[in-house]
>>> print(open('entry.tsv').read())   # TSV, C-alpha atoms
chain	number	residue	atom	x	y	z
A	1021	MET	CA	-63.81	-20.69	70.75
A	1022	PRO	CA	-66.35	-20.16	72.10
A	1023	ASN	CA	-65.45	-18.78	75.49
A	1024	ILE	CA	-68.45	-18.53	77.81
A	1025	THR	CA	-68.36	-16.61	81.10
A	1026	VAL	CA	-71.07	-17.16	83.70
A	1027	GLU	CA	-71.25	-14.45	86.39
A	1028	LEU	CA	-73.56	-15.34	89.26
A	1029	LEU	CA	-73.98	-14.98	93.01
A	1030	ALA	CA	-71.93	-17.51	94.98
A	1031	GLY	CA	-73.75	-20.51	96.47
A	1032	ARG	CA	-74.29	-23.09	93.73
A	1033	THR	CA	-72.87	-26.58	94.27
A	1034	ARG	CA	-70.17	-28.22	92.18
A	1035	ALA	CA	-72.80	-30.62	90.88
A	1036	GLN	CA	-74.93	-27.69	89.65
A	1037	ARG	CA	-71.97	-26.13	87.86
A	1038	ALA	CA	-71.02	-29.50	86.32
A	1039	GLU	CA	-74.56	-30.10	85.03
A	1040	PHE	CA	-74.90	-26.54	83.72
A	1041	ALA	CA	-71.58	-26.84	81.89
A	1042	ARG	CA	-72.72	-30.12	80.35
A	1043	VAL	CA	-76.05	-28.73	79.11
A	1044	VAL	CA	-74.57	-25.50	77.75
A	1045	THR	CA	-71.78	-27.38	75.95
A	1046	GLU	CA	-74.40	-29.62	74.30
A	1047	ALA	CA	-76.21	-26.49	73.13
A	1048	VAL	CA	-73.00	-25.00	71.73
A	1049	VAL	CA	-72.40	-28.19	69.73
A	1050	ASP	CA	-76.02	-28.67	68.60
A	1051	VAL	CA	-77.10	-25.06	68.01
A	1052	LEU	CA	-73.89	-23.11	67.29
A	1053	GLY	CA	-72.04	-25.98	65.62
A	1054	ALA	CA	-68.72	-25.53	67.44
A	1055	PRO	CA	-66.62	-28.62	68.28
A	1056	ARG	CA	-67.09	-29.85	71.86
A	1057	HIS	CA	-63.40	-29.82	72.79
A	1058	LEU	CA	-63.11	-26.10	72.00
A	1059	VAL	CA	-65.88	-25.01	74.39
A	1060	ARG	CA	-64.62	-23.21	77.51
A	1061	ILE	CA	-67.02	-22.20	80.27
A	1062	ARG	CA	-65.79	-20.13	83.17
A	1063	PHE	CA	-67.82	-19.46	86.35
A	1064	THR	CA	-67.33	-16.19	88.24
A	1065	GLU	CA	-69.04	-16.35	91.65
A	1066	LEU	CA	-69.78	-13.05	93.39
A	1067	ALA	CA	-70.21	-12.31	97.09
A	1068	HIS	CA	-73.42	-10.41	97.78
A	1069	ASP	CA	-71.62	-7.19	98.63
A	1070	GLN	CA	-69.75	-7.23	95.30
A	1071	LEU	CA	-73.00	-6.82	93.38
A	1072	ALA	CA	-75.45	-3.90	93.27
A	1073	LEU	CA	-78.88	-4.18	91.63
A	1074	GLY	CA	-80.89	-1.01	91.08
A	1075	GLY	CA	-78.35	1.01	93.08
A	1076	GLU	CA	-78.32	-1.20	96.20
A	1077	LEU	CA	-75.65	-3.70	97.25
A	1078	THR	CA	-77.35	-7.09	97.52
A	1079	GLU	CA	-77.77	-8.81	100.88
A	1080	PRO	CA	-77.24	-12.51	101.66
A	1081	PRO	CA	-80.58	-14.29	102.23
A	1082	ALA	CA	-81.62	-14.37	105.92
A	1083	PRO	CA	-80.80	-17.78	107.55
A	1084	ARG	CA	-83.99	-19.97	107.59
A	1085	ALA	CA	-85.67	-20.10	111.06
A	1086	ASP	CA	-85.58	-23.96	111.16
A	1087	SER	CA	-81.86	-23.97	110.40
A	1088	VAL	CA	-80.93	-21.78	113.38
B	1275	MET	CA	-78.86	-3.49	80.82
B	1276	PRO	CA	-76.62	-1.76	81.50
B	1277	ASN	CA	-74.08	-4.03	83.12
B	1278	ILE	CA	-71.24	-2.13	84.77
B	1279	THR	CA	-68.03	-3.82	85.96
B	1280	VAL	CA	-65.70	-1.99	88.35
B	1281	GLU	CA	-62.19	-3.51	88.57
B	1282	LEU	CA	-60.11	-2.01	91.40
B	1283	LEU	CA	-57.49	-2.91	93.96
B	1284	ALA	CA	-58.94	-4.56	97.06
B	1285	GLY	CA	-59.34	-2.47	100.21
B	1286	ARG	CA	-62.47	-0.33	99.88
B	1287	THR	CA	-65.14	-0.68	102.53
B	1288	ARG	CA	-68.67	-1.95	102.00
B	1289	ALA	CA	-69.93	1.57	102.68
B	1290	GLN	CA	-67.72	2.94	99.87
B	1291	ARG	CA	-69.00	0.33	97.41
B	1292	ALA	CA	-72.61	1.01	98.46
B	1293	GLU	CA	-72.24	4.78	97.98
B	1294	PHE	CA	-70.42	4.38	94.66
B	1295	ALA	CA	-73.15	2.02	93.40
B	1296	ARG	CA	-75.80	4.56	94.45
B	1297	VAL	CA	-74.12	7.51	92.68
B	1298	VAL	CA	-73.34	5.57	89.47
B	1299	THR	CA	-76.91	4.20	89.30
B	1300	GLU	CA	-78.27	7.77	89.60
B	1301	ALA	CA	-76.01	8.77	86.71
B	1302	VAL	CA	-77.23	5.85	84.59
B	1303	VAL	CA	-80.84	6.91	85.18
B	1304	ASP	CA	-80.26	10.66	84.75
B	1305	VAL	CA	-77.67	10.69	81.94
B	1306	LEU	CA	-78.16	7.42	80.04
B	1307	GLY	CA	-81.90	7.15	80.63
B	1308	ALA	CA	-81.98	3.46	81.62
B	1309	PRO	CA	-84.51	2.31	84.24
B	1310	ARG	CA	-83.04	2.01	87.75
B	1311	HIS	CA	-84.09	-1.60	88.35
B	1312	LEU	CA	-82.15	-2.79	85.27
B	1313	VAL	CA	-78.78	-1.36	86.42
B	1314	ARG	CA	-76.27	-4.02	87.54
B	1315	ILE	CA	-72.92	-3.01	89.01
B	1316	ARG	CA	-70.33	-5.65	89.77
B	1317	PHE	CA	-67.14	-5.01	91.77
B	1318	THR	CA	-64.00	-7.05	91.03
B	1319	GLU	CA	-61.36	-6.49	93.73
B	1320	LEU	CA	-57.78	-7.40	92.87
B	1321	ALA	CA	-54.91	-8.36	95.15
B	1322	HIS	CA	-51.79	-6.29	94.50
B	1323	ASP	CA	-49.90	-9.18	92.96
B	1324	GLN	CA	-52.68	-9.82	90.45
B	1325	LEU	CA	-52.11	-6.44	88.81
B	1326	ALA	CA	-49.12	-5.13	86.86
B	1327	LEU	CA	-48.78	-1.45	85.90
B	1328	GLY	CA	-46.06	-0.45	83.44
B	1329	GLY	CA	-44.63	-4.00	83.55
B	1330	GLU	CA	-44.31	-4.30	87.33
B	1331	LEU	CA	-46.57	-6.23	89.73
B	1332	THR	CA	-47.98	-3.70	92.21
B	1333	GLU	CA	-46.98	-3.81	95.87
B	1334	PRO	CA	-49.28	-3.35	98.87
B	1335	PRO	CA	-48.70	0.05	100.52
B	1336	ALA	CA	-46.11	-0.11	103.34
B	1337	PRO	CA	-47.83	-0.23	106.80
B	1338	ARG	CA	-47.90	3.34	108.28
B	1339	ALA	CA	-45.19	3.90	110.96
B	1340	ASP	CA	-47.78	5.01	113.58
B	1341	SER	CA	-49.85	1.89	112.99
B	1342	VAL	CA	-47.05	-0.62	113.71
C	1056	MET	CA	-56.92	1.33	88.34
C	1057	PRO	CA	-59.83	1.36	88.44
C	1058	ASN	CA	-60.97	0.02	85.10
C	1059	ILE	CA	-64.71	0.47	84.56
C	1060	THR	CA	-66.61	-1.28	81.75
C	1061	VAL	CA	-70.09	-0.09	80.78
C	1062	GLU	CA	-72.07	-2.58	78.67
C	1063	LEU	CA	-75.28	-1.11	77.24
C	1064	LEU	CA	-77.54	-1.21	74.21
C	1065	ALA	CA	-76.28	0.98	71.38
C	1066	GLY	CA	-77.97	4.33	70.79
C	1067	ARG	CA	-76.61	6.84	73.32
C	1068	THR	CA	-74.99	10.00	71.98
C	1069	ARG	CA	-71.37	10.99	72.40
C	1070	ALA	CA	-72.52	13.80	74.70
C	1071	GLN	CA	-74.28	11.27	76.98
C	1072	ARG	CA	-71.16	9.09	77.15
C	1073	ALA	CA	-68.97	12.13	77.87
C	1074	GLU	CA	-71.24	13.34	80.69
C	1075	PHE	CA	-71.58	9.85	82.17
C	1076	ALA	CA	-67.78	9.40	82.12
C	1077	ARG	CA	-67.38	12.78	83.86
C	1078	VAL	CA	-69.87	11.98	86.65
C	1079	VAL	CA	-68.56	8.44	87.26
C	1080	THR	CA	-64.96	9.66	87.37
C	1081	GLU	CA	-65.94	12.29	89.98
C	1082	ALA	CA	-67.51	9.51	92.05
C	1083	VAL	CA	-64.38	7.36	91.76
C	1084	VAL	CA	-62.27	10.26	93.04
C	1085	ASP	CA	-64.70	11.37	95.78
C	1086	VAL	CA	-66.03	8.00	97.01
C	1087	LEU	CA	-63.32	5.44	96.17
C	1088	GLY	CA	-60.38	7.82	96.56
C	1089	ALA	CA	-58.51	6.84	93.36
C	1090	PRO	CA	-56.56	9.52	91.46
C	1091	ARG	CA	-58.49	10.99	88.51
C	1092	HIS	CA	-55.80	10.32	85.89
C	1093	LEU	CA	-55.87	6.57	86.62
C	1094	VAL	CA	-59.62	6.15	85.96
C	1095	ARG	CA	-60.41	4.29	82.71
C	1096	ILE	CA	-64.01	3.92	81.54
C	1097	ARG	CA	-64.77	1.79	78.52
C	1098	PHE	CA	-68.17	1.68	76.76
C	1099	THR	CA	-69.33	-1.53	75.04
C	1100	GLU	CA	-72.42	-0.88	72.92
C	1101	LEU	CA	-74.52	-3.88	71.92
C	1102	ALA	CA	-76.84	-4.34	68.95
C	1103	HIS	CA	-80.27	-5.56	70.02
C	1104	ASP	CA	-79.78	-9.01	68.57
C	1105	GLN	CA	-76.55	-9.51	70.53
C	1106	LEU	CA	-78.45	-9.38	73.84
C	1107	ALA	CA	-81.02	-11.78	75.27
C	1108	LEU	CA	-83.09	-10.95	78.37
C	1109	GLY	CA	-85.14	-13.70	79.99
C	1110	GLY	CA	-84.33	-16.05	77.10
C	1111	GLU	CA	-85.41	-13.75	74.25
C	1112	LEU	CA	-83.18	-11.73	71.91
C	1113	THR	CA	-84.13	-8.07	72.35
C	1114	GLU	CA	-85.80	-6.14	69.54
C	1115	PRO	CA	-85.03	-2.58	68.45
C	1116	PRO	CA	-87.80	-0.16	69.49
C	1117	ALA	CA	-90.45	0.31	66.77
C	1118	PRO	CA	-89.89	3.60	64.82
C	1119	ARG	CA	-92.21	6.36	66.27
C	1120	ALA	CA	-95.27	7.01	64.07
C	1121	ASP	CA	-94.46	10.76	63.75
C	1122	SER	CA	-90.95	9.99	62.55
C	1123	VAL	CA	-92.09	7.80	59.61
D	819	MET	CA	-54.67	1.62	77.30
D	820	PRO	CA	-54.05	-1.17	76.65
D	821	ASN	CA	-55.77	-3.23	79.32
D	822	ILE	CA	-54.74	-6.88	79.22
D	823	THR	CA	-56.59	-9.60	81.16
D	824	VAL	CA	-54.97	-12.99	81.69
D	825	GLU	CA	-57.39	-15.75	82.78
D	826	LEU	CA	-55.66	-18.94	83.85
D	827	LEU	CA	-55.90	-21.82	86.31
D	828	ALA	CA	-54.57	-20.93	89.75
D	829	GLY	CA	-51.12	-22.20	90.73
D	830	ARG	CA	-48.50	-19.95	89.15
D	831	THR	CA	-46.00	-18.24	91.45
D	832	ARG	CA	-45.66	-14.51	91.97
D	833	ALA	CA	-42.30	-14.68	90.19
D	834	GLN	CA	-43.97	-16.24	87.11
D	835	ARG	CA	-46.63	-13.53	87.03
D	836	ALA	CA	-43.98	-10.81	87.44
D	837	GLU	CA	-41.83	-12.18	84.60
D	838	PHE	CA	-44.86	-12.66	82.32
D	839	ALA	CA	-46.01	-9.09	82.99
D	840	ARG	CA	-42.52	-7.81	82.17
D	841	VAL	CA	-42.28	-9.71	78.86
D	842	VAL	CA	-45.80	-8.82	77.73
D	843	THR	CA	-45.28	-5.15	78.57
D	844	GLU	CA	-42.09	-5.13	76.49
D	845	ALA	CA	-44.08	-6.58	73.59
D	846	VAL	CA	-46.79	-3.93	73.96
D	847	VAL	CA	-44.15	-1.19	73.79
D	848	ASP	CA	-42.10	-2.76	70.97
D	849	VAL	CA	-44.86	-4.24	68.79
D	850	LEU	CA	-48.00	-2.19	69.54
D	851	GLY	CA	-46.20	1.08	70.24
D	852	ALA	CA	-48.09	2.00	73.42
D	853	PRO	CA	-46.26	3.85	76.23
D	854	ARG	CA	-45.03	1.54	79.01
D	855	HIS	CA	-46.68	3.43	81.86
D	856	LEU	CA	-50.14	2.98	80.31
D	857	VAL	CA	-49.95	-0.83	80.13
D	858	ARG	CA	-52.22	-2.60	82.67
D	859	ILE	CA	-52.12	-6.38	83.02
D	860	ARG	CA	-54.60	-8.10	85.28
D	861	PHE	CA	-54.39	-11.79	86.28
D	862	THR	CA	-57.59	-13.76	87.01
D	863	GLU	CA	-56.78	-17.12	88.58
D	864	LEU	CA	-59.47	-19.81	88.47
D	865	ALA	CA	-60.04	-22.78	90.75
D	866	HIS	CA	-60.37	-26.04	88.81
D	867	ASP	CA	-64.08	-26.37	89.53
D	868	GLN	CA	-64.78	-22.89	88.14
D	869	LEU	CA	-63.68	-23.97	84.65
D	870	ALA	CA	-65.24	-26.46	82.26
D	871	LEU	CA	-63.44	-27.64	79.10
D	872	GLY	CA	-65.40	-29.64	76.54
D	873	GLY	CA	-68.37	-29.84	78.92
D	874	GLU	CA	-66.49	-31.21	81.95
D	875	LEU	CA	-65.42	-29.29	85.07
D	876	THR	CA	-61.64	-29.58	85.29
D	877	GLU	CA	-59.99	-31.55	88.10
D	878	PRO	CA	-56.91	-30.55	90.09
D	879	PRO	CA	-53.88	-32.66	89.08
D	880	ALA	CA	-53.50	-35.79	91.25
D	881	PRO	CA	-50.82	-35.31	93.97
D	882	ARG	CA	-47.51	-36.90	92.71
D	883	ALA	CA	-46.82	-40.35	94.26
D	884	ASP	CA	-43.42	-39.21	95.64
D	885	SER	CA	-45.05	-36.23	97.32
D	886	VAL	CA	-47.65	-38.27	99.28
E	1076	MET	CA	-56.59	-21.91	79.25
E	1077	PRO	CA	-55.22	-19.35	79.39
E	1078	ASN	CA	-57.58	-16.87	77.81
E	1079	ILE	CA	-55.96	-13.49	77.20
E	1080	THR	CA	-57.97	-10.38	76.28
E	1081	VAL	CA	-56.20	-7.33	74.86
E	1082	GLU	CA	-58.27	-4.12	74.96
E	1083	LEU	CA	-56.70	-1.25	73.01
E	1084	LEU	CA	-57.57	1.73	70.84
E	1085	ALA	CA	-58.28	0.77	67.24
E	1086	GLY	CA	-55.60	1.41	64.64
E	1087	ARG	CA	-53.00	-1.39	64.83
E	1088	THR	CA	-52.34	-3.41	61.70
E	1089	ARG	CA	-53.01	-7.10	61.27
E	1090	ALA	CA	-49.25	-7.65	61.18
E	1091	GLN	CA	-48.88	-5.96	64.59
E	1092	ARG	CA	-51.61	-8.12	66.10
E	1093	ALA	CA	-50.07	-11.27	64.57
E	1094	GLU	CA	-46.60	-10.47	65.94
E	1095	PHE	CA	-47.95	-9.53	69.38
E	1096	ALA	CA	-49.95	-12.78	69.55
E	1097	ARG	CA	-46.81	-14.74	68.61
E	1098	VAL	CA	-44.63	-13.10	71.28
E	1099	VAL	CA	-47.26	-13.36	74.05
E	1100	THR	CA	-47.93	-17.01	73.25
E	1101	GLU	CA	-44.18	-17.74	73.49
E	1102	ALA	CA	-44.19	-16.08	76.91
E	1103	VAL	CA	-47.17	-18.15	78.04
E	1104	VAL	CA	-45.36	-21.34	77.04
E	1105	ASP	CA	-41.94	-20.33	78.41
E	1106	VAL	CA	-42.94	-18.47	81.58
E	1107	LEU	CA	-46.37	-19.85	82.58
E	1108	GLY	CA	-45.80	-23.36	81.24
E	1109	ALA	CA	-49.13	-23.75	79.45
E	1110	PRO	CA	-49.29	-25.76	76.21
E	1111	ARG	CA	-49.18	-23.59	73.06
E	1112	HIS	CA	-52.35	-24.99	71.47
E	1113	LEU	CA	-54.44	-23.98	74.50
E	1114	VAL	CA	-53.49	-20.28	74.37
E	1115	ARG	CA	-56.31	-18.00	73.16
E	1116	ILE	CA	-55.69	-14.29	72.63
E	1117	ARG	CA	-58.57	-12.01	71.79
E	1118	PHE	CA	-58.18	-8.39	70.65
E	1119	THR	CA	-60.88	-5.82	71.47
E	1120	GLU	CA	-60.34	-2.60	69.54
E	1121	LEU	CA	-62.04	0.55	70.83
E	1122	ALA	CA	-63.08	3.69	68.96
E	1123	HIS	CA	-61.79	6.83	70.65
E	1124	ASP	CA	-65.23	7.91	71.83
E	1125	GLN	CA	-65.80	4.55	73.55
E	1126	LEU	CA	-62.96	5.22	75.99
E	1127	ALA	CA	-62.64	7.86	78.72
E	1128	LEU	CA	-59.34	8.49	80.53
E	1129	GLY	CA	-59.37	10.72	83.62
E	1130	GLY	CA	-63.03	11.60	82.99
E	1131	GLU	CA	-62.66	12.73	79.37
E	1132	LEU	CA	-63.63	10.81	76.22
E	1133	THR	CA	-60.47	10.37	74.14
E	1134	GLU	CA	-60.07	12.14	70.82
E	1135	PRO	CA	-58.62	10.68	67.61
E	1136	PRO	CA	-55.14	12.11	66.92
E	1137	ALA	CA	-55.24	15.20	64.65
E	1138	PRO	CA	-54.32	14.32	61.01
E	1139	ARG	CA	-50.57	15.13	60.46
E	1140	ALA	CA	-50.02	18.41	58.52
E	1141	ASP	CA	-47.88	16.67	55.84
E	1142	SER	CA	-50.56	14.05	55.27
E	1143	VAL	CA	-53.36	16.54	54.45
F	995	MET	CA	-77.92	-12.19	87.80
F	996	PRO	CA	-76.67	-14.26	86.20
F	997	ASN	CA	-74.86	-12.42	83.42
F	998	ILE	CA	-73.62	-14.75	80.69
F	999	THR	CA	-71.15	-13.64	77.99
F	1000	VAL	CA	-70.68	-15.75	74.87
F	1001	GLU	CA	-67.53	-14.93	72.89
F	1002	LEU	CA	-67.40	-16.63	69.48
F	1003	LEU	CA	-66.25	-16.12	65.91
F	1004	ALA	CA	-68.71	-14.08	63.85
F	1005	GLY	CA	-70.97	-15.91	61.40
F	1006	ARG	CA	-73.89	-17.43	63.33
F	1007	THR	CA	-77.40	-16.44	62.31
F	1008	ARG	CA	-79.88	-14.55	64.45
F	1009	ALA	CA	-81.97	-17.72	64.65
F	1010	GLN	CA	-78.97	-19.64	66.08
F	1011	ARG	CA	-78.37	-16.95	68.70
F	1012	ALA	CA	-82.08	-16.88	69.59
F	1013	GLU	CA	-82.25	-20.67	70.02
F	1014	PHE	CA	-78.99	-20.79	72.02
F	1015	ALA	CA	-80.26	-18.03	74.33
F	1016	ARG	CA	-83.51	-19.95	74.84
F	1017	VAL	CA	-81.78	-23.24	75.71
F	1018	VAL	CA	-79.19	-21.66	78.02
F	1019	THR	CA	-81.87	-19.64	79.84
F	1020	GLU	CA	-83.86	-22.87	80.42
F	1021	ALA	CA	-80.71	-24.44	81.90
F	1022	VAL	CA	-80.15	-21.44	84.18
F	1023	VAL	CA	-83.72	-21.75	85.50
F	1024	ASP	CA	-83.72	-25.57	85.77
F	1025	VAL	CA	-80.14	-26.23	86.95
F	1026	LEU	CA	-79.01	-23.03	88.69
F	1027	GLY	CA	-82.44	-22.02	89.99
F	1028	ALA	CA	-82.29	-18.34	88.98
F	1029	PRO	CA	-85.50	-16.59	87.87
F	1030	ARG	CA	-85.91	-16.40	84.08
F	1031	HIS	CA	-86.40	-12.63	83.89
F	1032	LEU	CA	-83.02	-12.01	85.56
F	1033	VAL	CA	-80.98	-13.98	82.99
F	1034	ARG	CA	-78.89	-11.79	80.65
F	1035	ILE	CA	-76.95	-13.35	77.78
F	1036	ARG	CA	-74.62	-11.22	75.72
F	1037	PHE	CA	-73.01	-12.34	72.44
F	1038	THR	CA	-69.58	-10.97	71.45
F	1039	GLU	CA	-68.77	-11.88	67.84
F	1040	LEU	CA	-65.12	-11.71	66.79
F	1041	ALA	CA	-63.62	-11.20	63.34
F	1042	HIS	CA	-61.03	-13.85	62.48
F	1043	ASP	CA	-58.13	-11.46	62.75
F	1044	GLN	CA	-59.15	-10.42	66.27
F	1045	LEU	CA	-58.49	-13.94	67.58
F	1046	ALA	CA	-55.24	-15.88	67.89
F	1047	LEU	CA	-55.18	-19.61	68.74
F	1048	GLY	CA	-51.85	-21.21	69.60
F	1049	GLY	CA	-50.02	-18.01	68.63
F	1050	GLU	CA	-51.54	-17.60	65.16
F	1051	LEU	CA	-54.26	-15.15	64.09
F	1052	THR	CA	-57.16	-17.23	62.75
F	1053	GLU	CA	-58.07	-17.11	59.07
F	1054	PRO	CA	-61.59	-16.98	57.59
F	1055	PRO	CA	-62.55	-20.34	56.03
F	1056	ALA	CA	-61.68	-20.51	52.32
F	1057	PRO	CA	-64.77	-19.89	50.09
F	1058	ARG	CA	-66.22	-23.28	48.94
F	1059	ALA	CA	-65.28	-24.20	45.34
F	1060	ASP	CA	-68.94	-24.56	44.26
F	1061	SER	CA	-69.75	-21.10	45.59
F	1062	VAL	CA	-67.11	-19.30	43.49
>>> encode(input="entry.tsv", output="structure tokens")
Amino acid sequence: MPNITVELLAGRTRAQRAEFARVVTEAVVDVLGAPRHLVRIRFTELAHDQLALGGELTEPPAPRADSV
Amino acid sequence: MPNITVELLAGRTRAQRAEFARVVTEAVVDVLGAPRHLVRIRFTELAHDQLALGGELTEPPAPRADSV
Amino acid sequence: MPNITVELLAGRTRAQRAEFARVVTEAVVDVLGAPRHLVRIRFTELAHDQLALGGELTEPPAPRADSV
Amino acid sequence: MPNITVELLAGRTRAQRAEFARVVTEAVVDVLGAPRHLVRIRFTELAHDQLALGGELTEPPAPRADSV
Amino acid sequence: MPNITVELLAGRTRAQRAEFARVVTEAVVDVLGAPRHLVRIRFTELAHDQLALGGELTEPPAPRADSV
Amino acid sequence: MPNITVELLAGRTRAQRAEFARVVTEAVVDVLGAPRHLVRIRFTELAHDQLALGGELTEPPAPRADSV
């Protein structure tokens, strides 16, 4: 242990996940004192219509005008 | 909080998820007394062969004769 | 299925959990079309210092003056 | 109950999942004494870049030389 | 990996959990082909009033007449 | 979102959890770009005999000789 699960809306890059995993693992070692090799971090990426906030299914962000 | 996770077999429509999220959020507010904007509901949809009931992987329903 | 997990801060009564389970199960049957006997709802109640919102561990509400 | 969740890297066959579900269900009945029909086993299969071990996102195994 | 979570009603003995963990780990190694030392099994034991089946909170079994 | 769950063996102090939550929330904001107030971190602390590693239930560390 520990096992860490990160649930978030889909859309982050591999590089973002890699950096986040690195920083969180450092914090586990430094703050919680667990050995680095035992840290497991799992990302669960949700589509917008799999998540409801305040009773409403979330919507994907509108495409930016300049990217049309 | 609260965080609510709904694990179910894939196949419901977006409209069903939206209505279910609406009704459950009302119940959280009315029965559990949590503020609406803090309610998170996450749907996890499973393929049939990712779920075993009573020791057997589930099978997708056979296509209906009239729909072939 | 479905399996439903409800994570919330500790403090609700048994009666609240029972009523919430009843209402959510009705919604599963009516909106998602799953059979009643297959609906499982699990409550996970958290102590305040097991939950952090916006980077801060939550604090139990201060005892009400009239209840001191 | 019980509900059993199996998180693992993607890549096992349906036959492997079916056999694993069978063996684990037997163990639930024999060792934990729960009725067979109440045992639910759910598989969650992760892509390599959704899992970090020891602070590093995992990499898919290199394709075998003889399979290139 | 894999990470395995076992949710069940409280009441099993330590010996039952130990034996179940042993058997399931053997199955992971034999059937899923993962290395033994990477298998993590976590037990989550629920009180009866934290679980609802078919819309009703479960009740603890009545004490046996001969044990009163 | 995101929702982050941290499963670990019981025994860390409140101060450790508070500091870990602070650091991880900073990383969510800086690396994943989610707003601070939406970050939820939940700690799940396990007793030793609720966790099996490599097929064996874990044991609490032996009390230190000088503390007997």
>>> closest_atom_pairs(input="entry.tsv", of="chain E", to="chain F", cutoff="8 Å", atoms="all atoms listed in the file", output="JSON lines")
{"residue": "E:Arg1089", "atom": "CA", "partner": "F:Asp1043", "partner_atom": "CA", "distance": 6.9}
{"residue": "E:Arg1092", "atom": "CA", "partner": "F:Leu1051", "partner_atom": "CA", "distance": 7.8}
{"residue": "E:Ala1093", "atom": "CA", "partner": "F:Leu1051", "partner_atom": "CA", "distance": 5.7}
{"residue": "E:Ala1096", "atom": "CA", "partner": "F:Gly1049", "partner_atom": "CA", "distance": 5.3}
{"residue": "E:Arg1097", "atom": "CA", "partner": "F:Gly1049", "partner_atom": "CA", "distance": 4.6}
{"residue": "E:Val1098", "atom": "CA", "partner": "F:Gly1049", "partner_atom": "CA", "distance": 7.8}
{"residue": "E:Val1099", "atom": "CA", "partner": "F:Gly1049", "partner_atom": "CA", "distance": 7.7}
{"residue": "E:Thr1100", "atom": "CA", "partner": "F:Gly1049", "partner_atom": "CA", "distance": 5.2}
{"residue": "E:Glu1101", "atom": "CA", "partner": "F:Gly1049", "partner_atom": "CA", "distance": 7.6}
{"residue": "E:Arg1111", "atom": "CA", "partner": "F:Gly1048", "partner_atom": "CA", "distance": 5.0}
{"residue": "E:His1112", "atom": "CA", "partner": "F:Gly1048", "partner_atom": "CA", "distance": 4.2}
{"residue": "E:Leu1113", "atom": "CA", "partner": "F:Gly1048", "partner_atom": "CA", "distance": 6.2}
{"residue": "E:Val1114", "atom": "CA", "partner": "F:Gly1048", "partner_atom": "CA", "distance": 5.1}
{"residue": "E:Arg1115", "atom": "CA", "partner": "F:Leu1047", "partner_atom": "CA", "distance": 4.8}
{"residue": "E:Ile1116", "atom": "CA", "partner": "F:Ala1046", "partner_atom": "CA", "distance": 5.0}
{"residue": "E:Arg1117", "atom": "CA", "partner": "F:Leu1045", "partner_atom": "CA", "distance": 4.6}
{"residue": "E:Phe1118", "atom": "CA", "partner": "F:Gln1044", "partner_atom": "CA", "distance": 4.9}
{"residue": "E:Thr1119", "atom": "CA", "partner": "F:Gln1044", "partner_atom": "CA", "distance": 7.2}
>>> atom_distance(input="entry.tsv", atom1="atom CA of E:Arg1087", atom2="atom CA of D:Gln834")
28.3 Å
>>> atom_distance(input="entry.tsv", atom1="atom CA of E:Leu1084", atom2="atom CA of D:Leu826")
24.5 Å
>>> atom_distance(input="entry.tsv", atom1="atom CA of D:Phe838", atom2="atom CA of E:Val1103")
7.3 Å
